[in-house]
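Below is one structure, written out as structure tokens; the observations come after it.
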Amino acid sequence: MELEYSFRCSKSFLYKYLSNPGGLAEWYADDVQYRNNQYRFVWDDEEHVATLSESKLNQVVRFKWVEEEHAGEFLEFRLLEEDLTRETILRITDYCDEGDRKEAEMLWDIAIQRLREIIGA
């Protein structure tokens with residue numbers, strides 16, 4: 001699924017919260033650790049491991065999940081600029097079962113609201 005959210009801040013400012021463990025732990029997961037070229041995302045004491053498969057400064061961050069049950073799945077944050085308003089658009093690509101889509105969208109909305117509160121945008 002793809003979701004888009006607009007922000008009134010620069011791509012470089014928002015990129016910090018998408019690309020490093022400390023920034024991600026502030027809004028996306030309970031904790032994020034980086035060790036041995038792997039990112040460990042923790043939610044409710046459950047750990048999920050990903051590798052950074054793509055990163056372009058102020059443009060895109062893609063994490064590929066390493067667990068077998070999520071083979072081929074990734075989480076991508078892509079930053080775009082809206083031409084007319086000059087707002088930064090955060091496009092999120094994530095995976096979920098079709099029956100879980102509404103719940104997944106709600107969880108993303110909550111996470112993005114938390115991110116907005118942190119950065120004030």
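Chain labels A, B, ... are given in the sequence in which chains occur in the structure tokens; within each chain residues are numbered consecutively from 1, and ligands are likewise numbered from 1 in the order shown.
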
- Query: Which residues in chain A does DSSP call strand (DSSP E or B)? List them as JSON, numbers by chain.
  - Reply: {"A": [2, 3, 4, 5, 6, 7, 31, 32, 33, 34, 35, 38, 39, 40, 41, 42, 43, 46, 47, 48, 49, 50, 51, 52, 53, 54, 55, 56, 60, 61, 62, 63, 64, 65, 74, 75, 76, 77, 78, 79, 80, 81, 88, 89, 90, 91, 92, 93]}

- Query: Residues at most 12 Å from Ser55 in chain A, counting only C-alpha atoms, excluding those fewer than 6 positions away in the same chain, as a PyMOL selection string?
  - Reply: chain A and resi 15-16+18-20+61-64+75-79

Preceding selection exported with C-alpha atoms as a PDB file, in the first residue's frame:
```
ATOM      1  CA  TYR A  15      14.922  13.059   6.253  1.00  0.00           C
ATOM      2  CA  LYS A  16      16.686  12.968   9.638  1.00  0.00           C
ATOM      3  CA  LEU A  18      13.395   8.708   8.515  1.00  0.00           C
ATOM      4  CA  SER A  19      17.006   7.681   8.106  1.00  0.00           C
ATOM      5  CA  ASN A  20      18.601   7.183  11.502  1.00  0.00           C
ATOM      6  CA  VAL A  61      15.071   5.464   2.550  1.00  0.00           C
ATOM      7  CA  ARG A  62      14.149   1.808   1.998  1.00  0.00           C
ATOM      8  CA  PHE A  63      14.389  -0.943   4.578  1.00  0.00           C
ATOM      9  CA  LYS A  64      14.153  -4.565   3.440  1.00  0.00           C
ATOM     10  CA  LEU A  75       9.290  -0.278   3.983  1.00  0.00           C
ATOM     11  CA  GLU A  76      10.040   2.795   1.924  1.00  0.00           C
ATOM     12  CA  PHE A  77       9.964   6.472   2.816  1.00  0.00           C
ATOM     13  CA  ARG A  78      10.164   8.698  -0.275  1.00  0.00           C
ATOM     14  CA  LEU A  79      10.335  12.490  -0.064  1.00  0.00           C
TER      15      LEU A  79
END
```

Considering only C-alpha atoms, tabulate each residue of range 44-113 of chain A that lies at most 9 Å from range 8-14 of chain A along with its nearest interatomic pair and the corresponding distance in Å to one decimal; arrange the rows by chain and ascending residue number and present them as JSON lines.
```
{"residue": "A:Leu57", "atom": "CA", "partner": "A:Ser12", "partner_atom": "CA", "distance": 7.8}
{"residue": "A:Asn58", "atom": "CA", "partner": "A:Ser12", "partner_atom": "CA", "distance": 5.1}
{"residue": "A:Gln59", "atom": "CA", "partner": "A:Lys11", "partner_atom": "CA", "distance": 7.4}
{"residue": "A:Leu79", "atom": "CA", "partner": "A:Lys11", "partner_atom": "CA", "distance": 6.4}
{"residue": "A:Leu80", "atom": "CA", "partner": "A:Lys11", "partner_atom": "CA", "distance": 7.6}
{"residue": "A:Glu81", "atom": "CA", "partner": "A:Lys11", "partner_atom": "CA", "distance": 7.8}
{"residue": "A:Arg86", "atom": "CA", "partner": "A:Arg8", "partner_atom": "CA", "distance": 8.1}
{"residue": "A:Glu87", "atom": "CA", "partner": "A:Arg8", "partner_atom": "CA", "distance": 5.2}
{"residue": "A:Thr88", "atom": "CA", "partner": "A:Lys11", "partner_atom": "CA", "distance": 6.0}
{"residue": "A:Ile89", "atom": "CA", "partner": "A:Lys11", "partner_atom": "CA", "distance": 8.4}
{"residue": "A:Leu90", "atom": "CA", "partner": "A:Leu14", "partner_atom": "CA", "distance": 8.8}
```

- Shell around Phe41 in chain A at 10 Å using only C-alpha atoms, local window under 2 positions removed, as a PyMOL selection string: chain A and resi 21+24-25+28-34+38-39+43+45-50

Serialized selection, C-alpha atoms, as a compact mmCIF listing (two decimals), in the first residue's frame:
```
# COMPACT_ATOMS: atom_id res chain seq x y z
CA PRO A 21 17.72 4.98 14.49
CA LEU A 24 12.86 6.60 13.86
CA ALA A 25 12.61 5.67 17.55
CA TYR A 28 7.89 5.08 14.36
CA ALA A 29 8.89 2.30 16.76
CA ASP A 30 9.33 1.84 20.49
CA ASP A 31 13.06 1.45 19.86
CA VAL A 32 15.37 1.23 16.86
CA GLN A 33 18.92 -0.07 17.08
CA TYR A 34 21.61 -0.38 14.45
CA GLN A 38 21.00 -4.32 10.46
CA TYR A 39 18.25 -2.19 11.91
CA TRP A 43 7.29 -2.74 19.02
CA ASP A 45 8.89 -6.10 23.01
CA GLU A 46 8.74 -7.76 19.57
CA GLU A 47 11.76 -7.27 17.34
CA HIS A 48 11.81 -7.06 13.53
CA VAL A 49 15.06 -6.87 11.59
CA ALA A 50 15.72 -5.01 8.35
```

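When only C-alpha atoms are used to measure the gap to Thr93 in chain A, the shortest distance among A:Trp65, A:Phe74, A:Leu115, A:Lys56 belongs to A:Phe74.
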
- Query: Counting only C-alpha atoms, what is within 12 Å of Ile112 in chain A, bar same-chain residues fewer than 6 positions away, as a PyMOL selection string?
  - Reply: chain A and resi 3-7+14+17-18+24+26-29+90-92+105-106+118-121

- Query: In Å, how far is it from CA of Cys96 in chain A to CA of Met1 in chain A?
  - Reply: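 That distance, rounded to one decimal, is 7.3 Å.
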
- Query: When you draw a straight line from CA of Gly22 in chain A to CA of Arg101 in chain A, how long is it in Å?
  - Reply: 27.5 Å

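For the set A:Arg35, A:Asp97, A:Asp83, A:Glu68, the residue with the smallest atom-to-atom gap to Leu52 in chain A is A:Arg35, counting only C-alpha atoms.
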
- List every residue of range 79-117 of chain A that DSSP, applied to the backbone, labels as alpha helix (DSSP H), and write the result as number ranges by chain. A: 101-117

With all heavy atoms retained, write the just-selected residues as a CSV table (one decimal), in the first residue's frame.
```csv
chain,number,residue,atom,x,y,z
A,101,ARG,N,-5.9,-3.6,5.9
A,101,ARG,CA,-5.5,-2.3,5.4
A,101,ARG,C,-6.0,-1.2,6.2
A,101,ARG,O,-5.3,-0.2,6.5
A,101,ARG,CB,-6.0,-2.2,3.9
A,101,ARG,CG,-5.5,-0.9,3.3
A,101,ARG,CD,-5.9,-0.8,1.9
A,101,ARG,NE,-5.5,0.5,1.4
A,101,ARG,CZ,-4.4,0.7,0.6
A,101,ARG,NH1,-3.6,-0.3,0.3
A,101,ARG,NH2,-4.2,2.0,0.2
A,102,LYS,N,-7.3,-1.2,6.6
A,102,LYS,CA,-7.8,-0.1,7.4
A,102,LYS,C,-7.0,0.1,8.7
A,102,LYS,O,-6.7,1.2,9.1
A,102,LYS,CB,-9.3,-0.3,7.7
A,102,LYS,CG,-10.2,-0.1,6.5
A,102,LYS,CD,-10.4,1.3,6.3
A,102,LYS,CE,-11.5,1.5,5.2
A,102,LYS,NZ,-11.4,2.8,4.6
A,103,GLU,N,-6.8,-1.0,9.4
A,103,GLU,CA,-6.0,-0.9,10.6
A,103,GLU,C,-4.6,-0.4,10.4
A,103,GLU,O,-4.1,0.4,11.2
A,103,GLU,CB,-5.9,-2.3,11.3
A,103,GLU,CG,-5.2,-2.2,12.7
A,103,GLU,CD,-5.1,-3.6,13.3
A,103,GLU,OE1,-5.8,-4.6,12.9
A,103,GLU,OE2,-4.4,-3.7,14.3
A,104,ALA,N,-4.0,-0.8,9.3
A,104,ALA,CA,-2.6,-0.4,9.0
A,104,ALA,C,-2.6,1.1,8.7
A,104,ALA,O,-1.7,1.8,9.1
A,104,ALA,CB,-2.1,-1.2,7.8
A,105,GLU,N,-3.6,1.6,7.9
A,105,GLU,CA,-3.7,3.0,7.7
A,105,GLU,C,-3.9,3.8,8.9
A,105,GLU,O,-3.3,4.9,9.1
A,105,GLU,CB,-4.9,3.3,6.7
A,105,GLU,CG,-4.6,2.8,5.3
A,105,GLU,CD,-5.8,3.0,4.3
A,105,GLU,OE1,-6.9,3.5,4.8
A,105,GLU,OE2,-5.7,2.7,3.2
A,106,MET,N,-4.7,3.3,9.8
A,106,MET,CA,-4.9,4.0,11.1
A,106,MET,C,-3.6,4.1,11.9
A,106,MET,O,-3.3,5.1,12.5
A,106,MET,CB,-6.0,3.3,11.9
A,106,MET,CG,-6.3,4.0,13.2
A,106,MET,SD,-7.5,3.0,14.3
A,106,MET,CE,-6.4,1.7,14.8
A,107,LEU,N,-2.9,3.0,11.9
A,107,LEU,CA,-1.6,3.0,12.7
A,107,LEU,C,-0.6,4.0,12.0
A,107,LEU,O,0.1,4.7,12.8
A,107,LEU,CB,-1.0,1.6,12.7
A,107,LEU,CG,-1.8,0.6,13.6
A,107,LEU,CD1,-1.2,-0.8,13.4
A,107,LEU,CD2,-1.7,1.0,15.0
A,108,TRP,N,-0.6,4.1,10.7
A,108,TRP,CA,0.3,5.0,10.1
A,108,TRP,C,-0.2,6.5,10.4
A,108,TRP,O,0.6,7.3,10.6
A,108,TRP,CB,0.3,4.8,8.6
A,108,TRP,CG,1.4,3.8,8.2
A,108,TRP,CD1,1.2,2.6,7.6
A,108,TRP,CD2,2.8,4.0,8.3
A,108,TRP,NE1,2.4,2.0,7.4
A,108,TRP,CE2,3.4,2.8,7.9
A,108,TRP,CE3,3.6,5.0,8.8
A,108,TRP,CZ2,4.8,2.6,7.9
A,108,TRP,CZ3,5.0,4.8,8.9
A,108,TRP,CH2,5.5,3.6,8.4
A,109,ASP,N,-1.5,6.7,10.4
A,109,ASP,CA,-2.0,8.0,10.7
A,109,ASP,C,-1.6,8.4,12.1
A,109,ASP,O,-1.2,9.6,12.4
A,109,ASP,CB,-3.5,8.1,10.6
A,109,ASP,CG,-4.0,8.0,9.2
A,109,ASP,OD1,-3.2,8.2,8.2
A,109,ASP,OD2,-5.3,7.8,9.0
A,110,ILE,N,-1.6,7.5,13.1
A,110,ILE,CA,-1.2,7.8,14.4
A,110,ILE,C,0.3,8.1,14.5
A,110,ILE,O,0.7,9.0,15.1
A,110,ILE,CB,-1.6,6.6,15.4
A,110,ILE,CG1,-3.1,6.5,15.5
A,110,ILE,CG2,-0.9,6.8,16.7
A,110,ILE,CD1,-3.6,5.2,16.2
A,111,ALA,N,1.1,7.3,13.8
A,111,ALA,CA,2.5,7.5,13.8
A,111,ALA,C,2.9,8.8,13.2
A,111,ALA,O,3.7,9.6,13.7
A,111,ALA,CB,3.2,6.4,13.0
A,112,ILE,N,2.2,9.2,12.1
A,112,ILE,CA,2.5,10.5,11.4
A,112,ILE,C,2.1,11.6,12.3
A,112,ILE,O,2.8,12.7,12.3
A,112,ILE,CB,1.8,10.5,10.0
A,112,ILE,CG1,2.4,9.5,9.1
A,112,ILE,CG2,1.9,11.9,9.4
A,112,ILE,CD1,3.9,9.6,8.8
A,113,GLN,N,1.0,11.5,13.0
A,113,GLN,CA,0.6,12.5,13.9
A,113,GLN,C,1.6,12.7,15.0
A,113,GLN,O,2.0,13.9,15.3
A,113,GLN,CB,-0.8,12.2,14.6
A,113,GLN,CG,-1.3,13.3,15.5
A,113,GLN,CD,-1.4,14.6,14.8
A,113,GLN,OE1,-1.9,14.7,13.7
A,113,GLN,NE2,-1.1,15.7,15.6
A,114,ARG,N,2.2,11.7,15.5
A,114,ARG,CA,3.3,11.8,16.5
A,114,ARG,C,4.5,12.5,15.9
A,114,ARG,O,5.1,13.3,16.5
A,114,ARG,CB,3.7,10.3,16.9
A,114,ARG,CG,4.3,10.3,18.3
A,114,ARG,CD,4.4,8.9,18.8
A,114,ARG,NE,4.5,7.8,17.9
A,114,ARG,CZ,3.7,6.8,17.8
A,114,ARG,NH1,2.7,6.7,18.7
A,114,ARG,NH2,3.9,5.8,16.9
A,115,LEU,N,4.8,12.1,14.6
A,115,LEU,CA,5.9,12.8,13.9
A,115,LEU,C,5.7,14.3,13.8
A,115,LEU,O,6.6,15.1,14.0
A,115,LEU,CB,6.2,12.1,12.6
A,115,LEU,CG,7.3,12.7,11.7
A,115,LEU,CD1,8.6,12.7,12.4
A,115,LEU,CD2,7.3,12.0,10.3
A,116,ARG,N,4.5,14.6,13.4
A,116,ARG,CA,4.1,16.1,13.2
A,116,ARG,C,4.3,16.8,14.6
A,116,ARG,O,4.8,17.9,14.6
A,116,ARG,CB,2.7,16.2,12.8
A,116,ARG,CG,2.4,15.8,11.3
A,116,ARG,CD,1.0,16.1,11.0
A,116,ARG,NE,0.6,15.4,9.8
A,116,ARG,CZ,0.9,15.8,8.6
A,116,ARG,NH1,1.6,16.8,8.4
A,116,ARG,NH2,0.4,15.1,7.5
A,117,GLU,N,3.9,16.2,15.6
A,117,GLU,CA,4.0,16.8,17.0
A,117,GLU,C,5.5,17.0,17.3
A,117,GLU,O,5.8,18.1,17.9
A,117,GLU,CB,3.3,16.0,18.0
A,117,GLU,CG,1.8,16.0,17.9
A,117,GLU,CD,1.1,15.0,18.8
A,117,GLU,OE1,1.8,14.3,19.5
A,117,GLU,OE2,-0.1,14.9,18.7
```
